[in-house]
$ cat model.txt   # compact mmCIF, C-alpha atoms
# COMPACT_ATOMS: atom_id res chain seq x y z
CA MET A 17 -3.37 -14.22 -2.52
CA MET A 18 -0.37 -16.30 -1.64
CA SER A 19 2.39 -16.58 -4.20
CA ARG A 20 3.40 -19.85 -5.81
CA CYS A 21 7.13 -19.24 -5.71
CA LEU A 22 9.54 -21.93 -4.46
CA PHE A 23 12.41 -21.02 -2.14
CA PHE A 24 15.27 -23.42 -1.22
CA PHE A 25 17.39 -23.11 1.90
CA VAL A 26 20.30 -25.03 3.40
CA PHE A 27 18.18 -26.82 6.01
CA GLY A 28 14.51 -26.07 5.28
CA ILE A 29 12.40 -25.60 2.20
CA VAL A 30 9.47 -23.20 2.14
CA ILE A 31 6.80 -23.40 -0.55
CA GLN A 32 4.06 -20.76 -0.52
CA LEU A 33 0.72 -21.94 -1.88
CA SER A 34 -2.49 -20.14 -2.64
CA HIS A 35 -4.22 -21.60 0.46
CA GLY A 36 -1.41 -21.10 2.98
CA ILE A 37 2.33 -21.51 3.44
CA GLU A 38 3.90 -24.95 3.26
CA PHE A 39 7.15 -25.71 5.07
CA ASN A 40 9.25 -28.81 4.45
CA VAL A 41 12.03 -29.20 7.02
CA THR A 42 14.77 -31.68 6.12
CA LYS A 43 17.61 -33.39 7.91
CA ASP A 44 20.36 -35.28 6.11
CA GLY A 45 18.47 -34.73 2.87
CA LYS A 46 15.23 -36.35 4.14
CA LEU A 47 11.93 -34.75 5.13
CA CYS A 48 11.63 -34.79 8.95
CA LEU A 49 8.93 -32.16 9.70
CA TYR A 50 6.04 -30.91 7.59
CA ALA A 51 3.74 -27.92 8.13
CA ASN A 52 1.11 -26.08 6.10
CA LEU A 53 -0.80 -23.30 7.84
CA GLU A 54 -2.49 -19.91 7.82
CA LEU A 55 -1.44 -17.56 10.63
CA THR A 56 -2.35 -14.01 11.69
CA PHE A 57 -1.23 -11.86 14.62
CA SER A 58 -2.91 -9.06 16.58
CA VAL A 59 -0.64 -7.05 18.89
CA THR A 60 -1.58 -4.15 21.16
CA TYR A 61 1.20 -1.63 21.83
CA GLU A 62 1.78 1.93 23.05
CA ASP A 63 2.75 4.70 20.63
CA LEU A 64 4.81 7.85 21.16
CA ASP A 65 1.69 9.77 22.24
CA ASN A 66 1.00 7.16 24.96
CA GLN A 67 -2.03 5.98 23.00
CA THR A 68 -2.93 2.30 22.63
CA GLN A 69 -2.66 1.00 19.08
CA THR A 70 -3.40 -2.43 17.60
CA ALA A 71 -1.31 -3.96 14.81
CA VAL A 72 -2.90 -6.75 12.77
CA PHE A 73 -0.82 -8.66 10.22
CA ALA A 74 -0.36 -12.10 8.75
CA LEU A 75 2.63 -14.36 8.37
CA THR A 76 4.45 -12.59 5.53
CA ASP A 77 5.77 -13.84 2.22
CA ASP A 78 9.40 -13.85 3.36
CA ALA A 79 8.84 -16.47 6.08
CA ASN A 80 11.46 -19.23 6.19
CA SER A 81 12.05 -22.35 8.28
CA THR A 82 15.85 -22.48 8.16
CA LYS A 83 16.18 -22.53 11.97
CA SER A 84 13.75 -25.42 12.49
CA THR A 85 15.15 -28.58 14.10
CA CYS A 86 14.39 -32.32 14.09
CA ASP A 87 15.54 -34.81 16.74
CA ALA A 88 14.50 -38.25 17.89
CA LYS A 89 12.40 -37.03 20.83
CA ASN A 90 11.99 -33.28 20.19
CA SER A 91 11.28 -31.15 17.12
CA MET A 92 10.74 -27.43 16.58
CA LEU A 93 9.09 -25.53 13.75
CA MET A 94 10.57 -22.01 13.72
CA LEU A 95 9.39 -19.44 11.18
CA ASN A 96 11.40 -16.21 10.82
CA PHE A 97 9.85 -13.32 8.89
CA GLY A 98 9.86 -9.54 8.49
CA GLU A 99 12.21 -7.35 10.49
CA GLY A 100 13.11 -9.53 13.47
CA HIS A 101 9.86 -11.51 13.97
CA ALA A 102 9.77 -15.26 14.72
CA PHE A 103 7.05 -17.81 15.43
CA SER A 104 7.83 -21.29 16.76
CA ILE A 105 6.09 -24.47 17.98
CA THR A 106 7.97 -27.15 19.93
CA PHE A 107 6.92 -30.82 19.80
CA SER A 108 7.81 -33.81 21.98
CA LYS A 109 7.56 -37.53 21.31
CA ILE A 110 6.06 -39.72 24.06
CA GLU A 111 6.29 -43.42 23.18
CA GLU A 112 4.08 -43.88 20.09
CA VAL A 113 2.42 -40.44 20.06
CA TYR A 114 3.53 -36.81 19.85
CA GLU A 115 2.12 -33.49 21.02
CA ALA A 116 2.74 -29.73 20.85
CA ASP A 117 4.43 -28.14 23.86
CA VAL A 118 4.89 -24.34 23.71
CA VAL A 119 4.08 -21.70 21.10
CA THR A 120 6.46 -18.72 21.12
CA PHE A 121 6.05 -15.47 19.20
CA THR A 122 8.90 -12.95 19.22
CA TYR A 123 7.99 -9.59 17.68
CA ASN A 124 10.16 -6.54 17.09
CA LEU A 125 8.42 -3.32 18.20
CA GLY A 126 11.08 -1.40 16.30
CA ASP A 127 9.58 -2.55 12.98
CA PRO A 128 8.05 0.63 11.48
CA VAL A 129 5.87 -1.34 9.06
CA HIS A 130 3.84 -3.27 11.63
CA PHE A 131 4.37 -1.00 14.65
CA PRO A 132 4.49 2.61 13.41
CA ASN A 133 5.41 5.22 16.05
CA SER A 134 5.93 2.53 18.69
CA LYS A 135 7.22 3.91 21.99
CA SER A 136 9.28 0.79 22.61
CA LYS A 137 11.79 -0.49 20.06
CA GLU A 138 12.67 -3.71 21.87
CA PRO A 139 11.91 -7.32 20.88
CA THR A 140 9.05 -8.75 22.95
CA VAL A 141 8.10 -12.38 23.57
CA ALA A 142 4.63 -13.92 23.95
CA ARG A 143 4.02 -17.58 24.80
CA GLY A 144 1.00 -19.86 24.72
CA LEU A 145 -0.20 -23.43 24.28
CA LEU A 146 -1.57 -25.20 21.21
CA ASP A 147 -4.01 -28.05 21.81
CA ILE A 148 -2.31 -30.79 19.76
CA LYS A 149 -2.17 -34.01 21.79
CA ASN A 150 -1.99 -37.79 21.34
CA ILE A 151 -1.21 -37.71 17.62
CA GLY A 152 -0.02 -41.10 16.44
CA MET A 153 3.41 -41.48 14.90
CA ASP A 154 3.40 -41.33 11.09
CA THR A 155 0.11 -39.40 11.34
CA CYS A 156 -0.54 -35.84 10.12
CA TYR A 157 -2.51 -33.49 12.39
CA SER A 158 -5.19 -31.44 10.57
CA CYS A 159 -7.42 -28.57 11.75
CA LYS A 160 -9.36 -26.37 9.35
CA SER A 161 -11.13 -24.50 12.17
CA GLU A 162 -9.68 -21.37 13.76
CA ASP A 163 -7.52 -21.87 16.86
CA LEU A 164 -7.01 -18.70 18.92
CA ILE A 165 -4.00 -18.42 21.23
CA GLU A 166 -4.16 -15.49 23.67
CA SER A 167 -1.11 -14.22 25.53
CA GLY A 168 -1.31 -10.78 27.16
CA ASP A 169 -1.26 -8.12 24.43
CA VAL A 170 -1.00 -10.73 21.68
CA ASN A 171 -3.58 -12.87 19.88
CA MET A 172 -2.39 -15.54 17.44
CA THR A 173 -4.94 -17.21 15.14
CA LEU A 174 -4.17 -20.38 13.17
CA TRP A 175 -6.42 -22.18 10.69
CA ASP A 176 -6.14 -24.58 7.74
CA VAL A 177 -3.35 -26.28 9.68
CA GLN A 178 -1.58 -29.51 8.71
CA ILE A 179 1.44 -30.56 10.78
CA GLN A 180 3.46 -33.77 11.04
CA ALA A 181 6.18 -33.23 13.61
CA PHE A 182 8.04 -36.56 13.36
CA ILE A 183 8.55 -38.17 9.94
CA SER A 184 10.55 -41.40 10.01
CA ASP A 185 10.63 -42.47 6.36
CA GLY A 186 11.10 -39.06 4.69
CA ASN A 187 7.52 -38.92 3.35
CA LYS A 188 4.46 -37.07 4.62
CA SER A 189 1.81 -39.49 5.85
CA SER A 190 -1.61 -39.78 4.23
CA GLU A 191 -3.12 -40.70 7.61
CA ILE A 192 -4.97 -37.70 9.06
CA SER A 193 -5.87 -36.99 12.68
CA SER A 194 -8.46 -34.16 12.77
CA CYS A 195 -8.90 -31.71 15.64
CA PRO A 196 -12.10 -31.96 17.74
CA ALA A 197 -13.47 -28.74 16.21
CA ASP A 198 -13.48 -30.37 12.74
CA GLU A 199 -15.22 -33.56 13.88
CA PRO A 200 -18.84 -33.84 12.69
CA ILE A 201 -21.48 -33.62 15.41
CA SER A 202 -23.20 -37.01 15.68
CA SER A 203 -26.94 -37.07 16.27
CA THR A 204 -28.65 -39.96 18.10
CA THR A 205 -32.12 -40.98 16.89
CA ALA A 206 -34.20 -43.16 19.19
CA ALA A 207 -35.55 -46.32 17.53
CA PRO A 208 -39.33 -46.25 17.16
CA ASN A 209 -41.31 -48.51 19.51
CA ALA A 210 -42.78 -51.11 17.17
CA THR A 211 -44.46 -53.30 19.84
CA THR A 212 -48.26 -53.06 19.84
CA THR A 213 -50.36 -55.15 22.27
CA THR A 214 -54.01 -55.72 21.37
CA VAL A 215 -56.32 -57.10 24.07
CA PRO A 216 -59.65 -58.34 22.59
CA THR A 217 -62.56 -57.47 24.82
CA THR A 218 -66.12 -58.92 24.41
CA LEU A 219 -68.85 -57.24 26.40
CA ALA A 220 -71.77 -59.38 27.58
CA PRO A 221 -75.19 -58.17 26.38
CA ASN A 222 -77.25 -56.16 28.90
CA THR A 223 -80.36 -58.17 29.76
CA THR A 224 -81.62 -56.06 32.67
CA THR A 225 -85.22 -54.73 32.22
CA LEU A 226 -86.05 -51.56 34.13
CA ALA A 227 -89.48 -51.42 35.92
CA PRO A 228 -91.84 -48.59 34.76
CA ASN A 229 -92.01 -45.46 37.00
CA THR A 230 -95.55 -45.26 38.51
CA THR A 231 -94.93 -42.47 41.06
CA THR A 232 -97.37 -39.46 40.74
CA LEU A 233 -96.16 -36.12 42.15
CA ALA A 234 -98.69 -34.15 44.30
CA PRO A 235 -99.54 -30.59 43.05
CA ASN A 236 -97.71 -27.67 44.82
CA THR A 237 -100.33 -25.65 46.79
CA THR A 238 -97.93 -23.45 48.78
CA THR A 239 -98.59 -19.63 48.46
CA LEU A 240 -95.55 -17.39 49.01
CA ALA A 241 -96.02 -14.28 51.22
CA PRO A 242 -95.27 -10.90 49.57
CA ASN A 243 -91.77 -9.40 50.30
CA THR A 244 -92.29 -6.29 52.49
CA THR A 245 -88.62 -5.74 53.37
CA THR A 246 -87.39 -2.18 52.55
CA LEU A 247 -83.65 -1.93 51.88
CA ALA A 248 -81.84 0.92 53.65
CA PRO A 249 -80.15 3.44 51.32
CA ASN A 250 -76.37 2.90 50.81
CA THR A 251 -74.65 5.73 52.66
CA THR A 252 -71.11 4.34 52.33
CA THR A 253 -68.70 6.84 50.75
CA LEU A 254 -65.76 5.25 48.95
CA ALA A 255 -62.37 6.69 49.83
CA PRO A 256 -60.54 8.24 46.90
CA ASN A 257 -57.88 6.01 45.27
CA THR A 258 -54.56 7.39 46.35
CA THR A 259 -52.47 4.57 44.88
CA THR A 260 -49.80 5.87 42.50
CA MET A 261 -49.15 3.59 39.54
CA PRO A 262 -45.45 3.13 38.76
CA VAL A 263 -44.28 4.89 35.62
CA PRO A 264 -42.54 2.46 33.25
CA THR A 265 -38.90 3.31 32.71
CA THR A 266 -36.98 2.85 29.48
CA THR A 267 -33.51 1.40 29.78
CA PRO A 268 -31.15 3.62 27.79
CA VAL A 269 -29.21 1.99 24.99
CA PRO A 270 -25.55 1.81 26.05
CA THR A 271 -23.18 4.02 24.09
CA LEU A 272 -20.46 2.15 22.25
CA PRO A 273 -16.88 3.00 23.21
CA VAL A 274 -14.56 4.56 20.66
CA PRO A 275 -13.32 1.65 18.51
CA SER A 276 -9.68 0.59 18.80
CA THR A 277 -7.34 1.72 16.05
CA GLY A 278 -6.09 -1.09 13.84
CA ASN A 279 -2.87 -0.90 11.82
CA TYR A 280 -3.25 -2.84 8.57
CA SER A 281 -0.80 -3.44 5.72
CA ILE A 282 -0.73 -5.36 2.43
CA ARG A 283 2.47 -6.64 0.80
CA THR A 284 3.33 -7.60 -2.75
CA GLU A 285 4.62 -11.07 -3.68
CA ASN A 286 8.21 -9.95 -3.08
CA GLY A 287 7.39 -8.72 0.46
CA THR A 288 7.24 -4.98 -0.28
CA VAL A 289 4.53 -3.01 1.54
CA CYS A 290 2.12 -1.57 -1.03
CA LEU A 291 -0.87 -0.47 1.10
CA LEU A 292 -1.06 1.04 4.58
CA ALA A 293 -4.21 1.80 6.57
CA ASN A 294 -4.71 2.80 10.21
CA PHE A 295 -8.18 3.52 11.59
CA GLY A 296 -10.88 2.67 14.09
CA LEU A 297 -14.17 1.69 12.46
CA ARG A 298 -17.82 1.59 13.51
CA ILE A 299 -20.69 0.64 11.22
CA GLY A 300 -24.37 1.38 11.57
CA ILE A 301 -26.90 -0.77 9.71
CA LYS A 302 -30.69 -0.96 10.11
CA GLY A 303 -30.48 1.12 13.30
CA GLU A 304 -27.88 -1.16 14.92
CA GLU A 305 -24.25 -0.12 15.50
CA MET A 306 -21.15 -2.22 16.10
CA ASN A 307 -17.39 -1.67 16.28
CA LEU A 308 -14.80 -3.59 14.29
CA ASP A 309 -12.38 -5.30 16.69
CA PRO A 310 -8.89 -5.21 15.12
CA ASN A 311 -7.81 -8.10 17.37
CA MET A 312 -10.30 -10.43 15.70
CA ALA A 313 -9.93 -9.23 12.10
CA ASN A 314 -8.18 -11.26 9.40
CA VAL A 315 -6.42 -9.03 6.87
CA SER A 316 -6.11 -9.67 3.15
CA GLY A 317 -5.97 -7.63 -0.03
CA SER A 318 -4.09 -6.82 -3.21
CA CYS A 319 -2.28 -3.95 -4.90
CA GLY A 320 -2.52 -2.99 -8.55
CA VAL A 321 -1.55 -0.13 -10.80
CA ASN A 322 -5.01 1.44 -10.91
CA SER A 323 -6.85 -0.42 -8.14
CA SER A 324 -6.00 -1.69 -4.66
CA GLU A 325 -8.11 -3.62 -2.15
CA LEU A 326 -8.14 -4.09 1.62
CA THR A 327 -10.40 -6.75 3.15
CA LEU A 328 -11.03 -7.08 6.90
CA ALA A 329 -12.94 -10.17 8.04
CA SER A 330 -14.22 -11.01 11.52
CA LYS A 331 -16.91 -13.37 12.77
CA LYS A 332 -19.66 -10.75 12.48
CA MET A 333 -18.61 -8.68 9.48
CA THR A 334 -16.52 -8.66 6.31
CA ILE A 335 -15.55 -5.29 4.84
CA ARG A 336 -13.86 -4.74 1.47
CA PHE A 337 -12.39 -1.32 0.60
CA THR A 338 -11.55 -0.73 -3.08
CA PHE A 339 -9.35 2.24 -3.97
CA THR A 340 -8.78 3.63 -7.47
CA ASN A 341 -6.48 6.27 -8.92
CA ASP A 342 -6.54 8.44 -12.03
CA THR A 343 -2.70 8.92 -12.09
CA LYS A 344 -3.11 12.18 -10.13
CA LYS A 345 -5.33 11.37 -7.16
CA PHE A 346 -6.57 8.29 -5.35
CA ARG A 347 -9.93 7.81 -3.61
CA LEU A 348 -12.13 5.19 -1.97
CA HIS A 349 -14.33 4.14 -4.86
CA ASP A 350 -16.16 1.01 -3.67
CA LEU A 351 -17.24 -0.30 -0.27
CA ASN A 352 -18.77 -3.74 0.25
CA ILE A 353 -19.96 -4.87 3.69
CA SER A 354 -21.49 -8.19 4.76
CA VAL A 355 -22.64 -8.17 8.37
CA SER A 356 -24.55 -10.39 10.78
CA THR A 357 -26.81 -8.50 13.23
CA SER A 358 -29.50 -9.41 15.74
CA SER A 359 -32.13 -8.73 13.08
CA GLY A 360 -30.53 -10.82 10.32
CA ASN A 361 -27.71 -10.98 7.78
CA PHE A 362 -27.15 -8.09 5.35
CA SER A 363 -24.88 -7.40 2.39
CA VAL A 364 -24.52 -3.78 1.19
CA GLU A 365 -22.35 -2.24 -1.52
CA ASN A 366 -21.79 1.21 -3.04
CA SER A 367 -19.48 1.34 -6.05
CA SER A 368 -19.77 5.07 -6.81
CA LEU A 369 -18.04 6.63 -3.82
CA ASN A 370 -15.59 9.52 -3.89
CA LEU A 371 -14.10 9.50 -0.37
CA TRP A 372 -10.65 9.86 1.23
CA GLU A 373 -9.16 11.64 -1.79
CA ALA A 374 -5.50 12.65 -1.90
CA SER A 375 -2.69 13.07 -4.44
CA ILE A 376 -0.71 10.04 -5.60
CA GLY A 377 2.47 9.87 -3.53
CA SER A 378 0.67 11.33 -0.51
CA SER A 379 -1.48 9.80 2.23
CA TYR A 380 -4.93 10.82 3.47
CA MET A 381 -5.41 11.61 7.18
CA CYS A 382 -8.37 12.55 9.36
CA ASN A 383 -7.93 12.22 13.12
CA LYS A 384 -11.40 13.45 14.03
CA GLU A 385 -14.49 11.26 13.78
CA GLN A 386 -16.06 11.19 10.32
CA THR A 387 -19.49 9.83 9.41
CA PHE A 388 -20.35 8.68 5.89
CA ASN A 389 -23.80 7.57 4.71
CA ILE A 390 -22.93 4.79 2.26
CA THR A 391 -26.56 3.81 1.50
CA ASP A 392 -29.97 4.47 3.01
CA THR A 393 -29.40 1.63 5.48
CA LEU A 394 -25.62 1.74 6.02
CA SER A 395 -23.31 4.34 7.57
CA ILE A 396 -19.68 4.10 8.67
CA HIS A 397 -17.82 6.10 11.31
CA THR A 398 -14.01 6.40 11.14
CA PHE A 399 -11.64 7.43 13.93
CA SER A 400 -7.92 8.37 13.61
CA LEU A 401 -7.99 7.55 9.90
CA HIS A 402 -4.71 7.37 7.95
CA VAL A 403 -4.59 5.55 4.61
CA GLN A 404 -2.29 5.22 1.60
CA PRO A 405 -3.29 2.61 -1.02
CA PHE A 406 -0.72 3.62 -3.67
CA GLY A 407 2.89 4.80 -3.82
CA VAL A 408 4.04 3.53 -0.42
CA ASN A 409 7.79 4.09 -0.03
CA LYS A 410 9.96 2.10 2.40
CA GLY A 411 6.94 0.81 4.27
CA VAL A 412 5.93 4.14 5.85
CA PHE A 413 3.24 6.74 5.18
CA SER A 414 4.06 9.63 2.86
CA THR A 415 3.23 13.25 3.70
CA ALA A 416 -0.42 13.44 4.71
CA GLU A 417 -3.15 15.54 3.13
CA GLU A 418 -5.50 16.36 6.02
CA CYS A 419 -9.28 16.38 5.95
CA PHE A 420 -11.12 19.68 6.43
CA LEU A 421 -12.02 18.79 10.03
CA ASP A 422 -8.33 18.55 10.91
CA SER A 423 -7.26 21.66 8.98
CA ASP A 424 -6.65 25.09 10.51
CA LEU A 425 -9.53 26.52 8.44
CA SER A 426 -12.22 24.54 10.24
CA PHE A 427 -12.54 27.27 12.89
CA LEU A 428 -13.77 29.71 10.19
CA VAL A 429 -17.08 27.86 9.84
CA PRO A 430 -18.67 29.11 13.09
CA ILE A 431 -17.27 32.61 12.44
CA ALA A 432 -18.84 32.67 8.97
CA VAL A 433 -22.17 31.51 10.38
CA GLY A 434 -22.03 34.24 13.04
CA VAL A 435 -21.27 36.95 10.47
CA ALA A 436 -24.13 35.76 8.25
CA LEU A 437 -26.60 35.85 11.15
CA SER A 438 -25.46 39.33 12.17
CA PHE A 439 -25.92 40.60 8.61
CA LEU A 440 -29.39 39.07 8.49
CA ILE A 441 -30.40 40.79 11.76
CA ILE A 442 -29.14 44.16 10.51
CA LEU A 443 -31.06 43.70 7.24
CA VAL A 444 -34.30 42.94 9.09
CA LEU A 445 -33.81 45.96 11.37
CA ILE A 446 -33.27 48.34 8.41
CA SER A 447 -36.37 46.96 6.67
CA TYR A 448 -38.39 47.54 9.82
CA LEU A 449 -37.23 51.18 10.17
CA ILE A 450 -37.96 51.97 6.52
CA GLY A 451 -41.43 50.46 6.81
CA ARG A 452 -42.20 52.43 9.97
CA ARG A 453 -41.13 55.76 8.39
CA LYS A 454 -43.43 55.17 5.38
CA SER A 455 -46.30 54.42 7.77
CA ARG A 456 -45.86 57.72 9.60
CA THR A 457 -45.75 59.68 6.31
CA GLY A 458 -49.20 58.34 5.34
CA TYR A 459 -50.88 59.88 8.44
CA GLN A 460 -49.50 63.48 8.16
CA SER A 461 -52.22 66.28 8.14
CA VAL A 462 -52.79 68.31 4.99

$ encode --input "model.txt" --output "structure tokens"
Amino acid sequence: MMSRCLFFFVFGIVIQLSHGIEFNVTKDGKLCLYANLELTFSVTYEDLDNQTQTAVFALTDDANSTKSTCDAKNSMLMLNFGEGHAFSITFSKIEEVYEADVVTFTYNLGDPVHFPNSKSKEPTVARGLLDIKNIGMDTCYSCKSEDLIESGDVNMTLWDVQIQAFISDGNKSSEISSCPADEPISSTTAAPNATTTTVPTTLAPNTTTLAPNTTTLAPNTTTLAPNTTTLAPNTTTLAPNTTTMPVPTTTPVPTLPVPSTGNYSIRTENGTVCLLANFGLRIGIKGEEMNLDPNMANVSGSCGVNSSELTLASKKMTIRFTFTNDTKKFRLHDLNISVSTSSGNFSVENSSLNLWEASIGSSYMCNKEQTFNITDTLSIHTFSLHVQPFGVNKGVFSTAEECFLDSDLSFLVPIAVGVALSFLIILVLISYLIGRRKSRTGYQSV
């Protein structure tokens, strides 16, 4: 949830509300640019192991608009946040309307919070276009729908947007210009045809009298000759049917690729990272499987003393992870999933889990694929899992406690099974020899 703190700066004022972040840019003590928006980023990058990772994060609490500018013909909303990240939109005035020009996102790959283990440490720039055009002066642009801007390895998603780029009298306008996606779809109903034409028709009475039929048919005296034709026997032999019917083939269900790894983080109201989670996720429900795409997931959550939450929402699914701790260990206690599939919409929850357990002050890691049956109808599959919901220090993971699959002891399982089978074979062989010796003793002569 967004904080309700108020921050004042020399040039811009930023007010963070529960539904977004509000920016009031001033010039000479008067409001000249207004913005209120929700904004998330999804960035694909390469890590030190040459593996592709995806970082998903929102505009953080420390965002400020101090470098925004207002001029007569051009304005720029610039939002600086985190460790060297900046998002900006430029606007231009054309006669009595204004429009957005270029969206620029500069992100610092050297930020260990959003880009852990990044191979590159350099700032990178992504640019795109925002469809804001022909907005009247002294009019506020509004768009509640999501607007996705794609630029190479970067996706930027805006929603709940209100922007007025040129303010002449120092006050935000109450006139709203909505984006096309928010406009209601009009339906046209054809007017019913109310014209009815009735043509009265009067039939003249039938006065025609038919003459009586006086024709007498002569009796049939023809005698038919008996049929003496003998049919020849049918000696035609049918050829065997050698046609081979095609065997129906079943199209195999395509195998899903390994899901991309998303890097997720939650911050407190003062901007401190309190929860870290990296993983690829696949869910299976009612026999249907689907991967979570980190590029399309909106991240939210909260951190508490005894409970922390991470929520990932995309168009097809919303997943809420709830972690608890008992002062010594933390674990995944509750999982709630709402998903839309080809067979319908489903909502499943299990609040008695005991998964991903590790000591407080440590993180939990499992690089290998894990499968968990949450309910009779729901299972989840995790890949390259690394999570720490409590005790995060300096925005990085603490020492990891590995799952059994990743530990050095996992190789002992097949050895133990082999030893047990060998012991069982030896036991059966000894029993057989003892039984055979007793059988021979019973047939000895007296």

$ closest_residue --input "model.txt" --among "A:Thr357, A:Thr140, A:Ser395, A:Asn383" --to "Asn124 of chain A" --atoms "all atoms listed in the file"
A:Thr140

$ residues_around --input "model.txt" --residues "Gln386 of chain A" --least-positions-apart "6" --cutoff "7 Å" --atoms "only C-alpha atoms" --output "list of chain:residue names"
A:His397, A:Thr398, A:Phe399

$ residues_around --input "model.txt" --residues "Glu365 of chain A" --least-positions-apart "3" --cutoff "9 Å" --atoms "all atoms listed in the file" --output "list in words"
Asp350, Leu351, Asn352, Ile353, Ser354, Ile390 and Thr391 of chain A

$ closest_residue --input "model.txt" --among "A:Gln404, A:Ser438, A:Asn52, A:Asn66" --to "Trp175 of chain A" --atoms "all atoms listed in the file"
A:Asn52

$ closest_residue --input "model.txt" --among "A:Gly320, A:Pro200, A:Glu38, A:Thr327" --to "Gly407 of chain A" --atoms "only C-alpha atoms"
A:Gly320

$ residues_around --input "model.txt" --residues "Ser91 of chain A" --least-positions-apart "4" --cutoff "10 Å" --atoms "all atoms listed in the file" --output "NGL selection string"
:A and (48-49 or 84-87 or 105-109 or 114 or 116 or 181-182)

$ closest_residue --input "model.txt" --among "A:Val119, A:Leu75, A:Ala51, A:Val113" --to "Ile151 of chain A" --atoms "only C-alpha atoms"
A:Val113

$ atom_distance --input "model.txt" --atom1 "atom CA of Trp372 of chain A" --atom2 "atom CA of Asn322 of chain A"
15.8 Å

$ atom_distance --input "model.txt" --atom1 "atom CA of Tyr380 of chain A" --atom2 "atom CA of Val433 of chain A"
27.8 Å

$ closest_residue --input "model.txt" --among "A:Asn171, A:Gln180, A:Thr334, A:Asn133" --to "Phe413 of chain A" --atoms "all atoms listed in the file"
A:Asn133

$ closest_residue --input "model.txt" --among "A:Thr155, A:Asn294, A:Ser375, A:Ser423" --to "Thr340 of chain A" --atoms "all atoms listed in the file"
A:Ser375

$ atom_distance --input "model.txt" --atom1 "atom CA of Lys89 of chain A" --atom2 "atom CA of Asp198 of chain A"
27.9 Å

$ residues_near_point --input "model.txt" --point "(-3.3, -17.9, 14.1)" --cutoff "7 Å" --atoms "all atoms listed in the file" --output "PDB file with C-alpha atoms, in the coordinates of the input"
ATOM      1  CA  GLU A  54      -2.490 -19.910   7.820  1.00  0.00           C
ATOM      2  CA  LEU A  55      -1.440 -17.560  10.630  1.00  0.00           C
ATOM      3  CA  THR A  56      -2.350 -14.010  11.690  1.00  0.00           C
ATOM      4  CA  PHE A  57      -1.230 -11.860  14.620  1.00  0.00           C
ATOM      5  CA  ASP A 163      -7.520 -21.870  16.860  1.00  0.00           C
ATOM      6  CA  LEU A 164      -7.010 -18.700  18.920  1.00  0.00           C
ATOM      7  CA  MET A 172      -2.390 -15.540  17.440  1.00  0.00           C
ATOM      8  CA  THR A 173      -4.940 -17.210  15.140  1.00  0.00           C
ATOM      9  CA  LEU A 174      -4.170 -20.380  13.170  1.00  0.00           C
ATOM     10  CA  TRP A 175      -6.420 -22.180  10.690  1.00  0.00           C
TER      11      TRP A 175
END

$ residues_near_point --input "model.txt" --point "(-10.2, -5.9, 3.2)" --cutoff "9 Å" --atoms "only C-alpha atoms" --output "compact mmCIF listing (two decimals) with C-alpha atoms, in the frame of the given file"
# COMPACT_ATOMS: atom_id res chain seq x y z
CA ASN A 314 -8.18 -11.26 9.40
CA VAL A 315 -6.42 -9.03 6.87
CA SER A 316 -6.11 -9.67 3.15
CA GLY A 317 -5.97 -7.63 -0.03
CA SER A 318 -4.09 -6.82 -3.21
CA GLU A 325 -8.11 -3.62 -2.15
CA LEU A 326 -8.14 -4.09 1.62
CA THR A 327 -10.40 -6.75 3.15
CA LEU A 328 -11.03 -7.08 6.90
CA ALA A 329 -12.94 -10.17 8.04
CA THR A 334 -16.52 -8.66 6.31
CA ILE A 335 -15.55 -5.29 4.84
CA ARG A 336 -13.86 -4.74 1.47
CA PHE A 337 -12.39 -1.32 0.60
CA THR A 338 -11.55 -0.73 -3.08

$ residues_around --input "model.txt" --residues "Gly300 of chain A" --least-positions-apart "3" --cutoff "9 Å" --atoms "only C-alpha atoms" --output "list in words"
Gly303, Glu304, Glu305, Met306, Asn307, Thr393, Leu394, Ser395, Ile396 and His397 of chain A

$ axis_aligned_box --input "model.txt" --around "segment 318-323 of chain A" --padding-each-side "5 Å" --output "AutoDock Vina command-line options"
--center_x -4.2 --center_y -2.7 --center_z -7.1 --size_x 15.3 --size_y 18.3 --size_z 17.7

$ decode --input "model.txt" --residues "segment 133-138 of chain A" --atoms "N, CA and C atoms" --output "CSV table (one decimal), in the first residue's frame"
chain,number,residue,atom,x,y,z
A,133,ASN,N,23.3,-9.8,-9.1
A,133,ASN,CA,24.3,-10.6,-9.9
A,133,ASN,C,24.3,-10.2,-11.4
A,134,SER,N,24.0,-8.9,-11.7
A,134,SER,CA,24.0,-8.5,-13.1
A,134,SER,C,25.4,-8.5,-13.6
A,135,LYS,N,25.5,-9.0,-14.8
A,135,LYS,CA,26.9,-9.0,-15.5
A,135,LYS,C,27.3,-7.6,-15.8
A,136,SER,N,26.4,-6.7,-16.3
A,136,SER,CA,26.7,-5.3,-16.6
A,136,SER,C,26.4,-4.5,-15.4
A,137,LYS,N,27.1,-3.4,-15.2
A,137,LYS,CA,26.9,-2.5,-14.1
A,137,LYS,C,26.6,-1.1,-14.6
A,138,GLU,N,26.4,-1.0,-15.9
A,138,GLU,CA,26.3,0.3,-16.5
A,138,GLU,C,24.8,0.8,-16.6
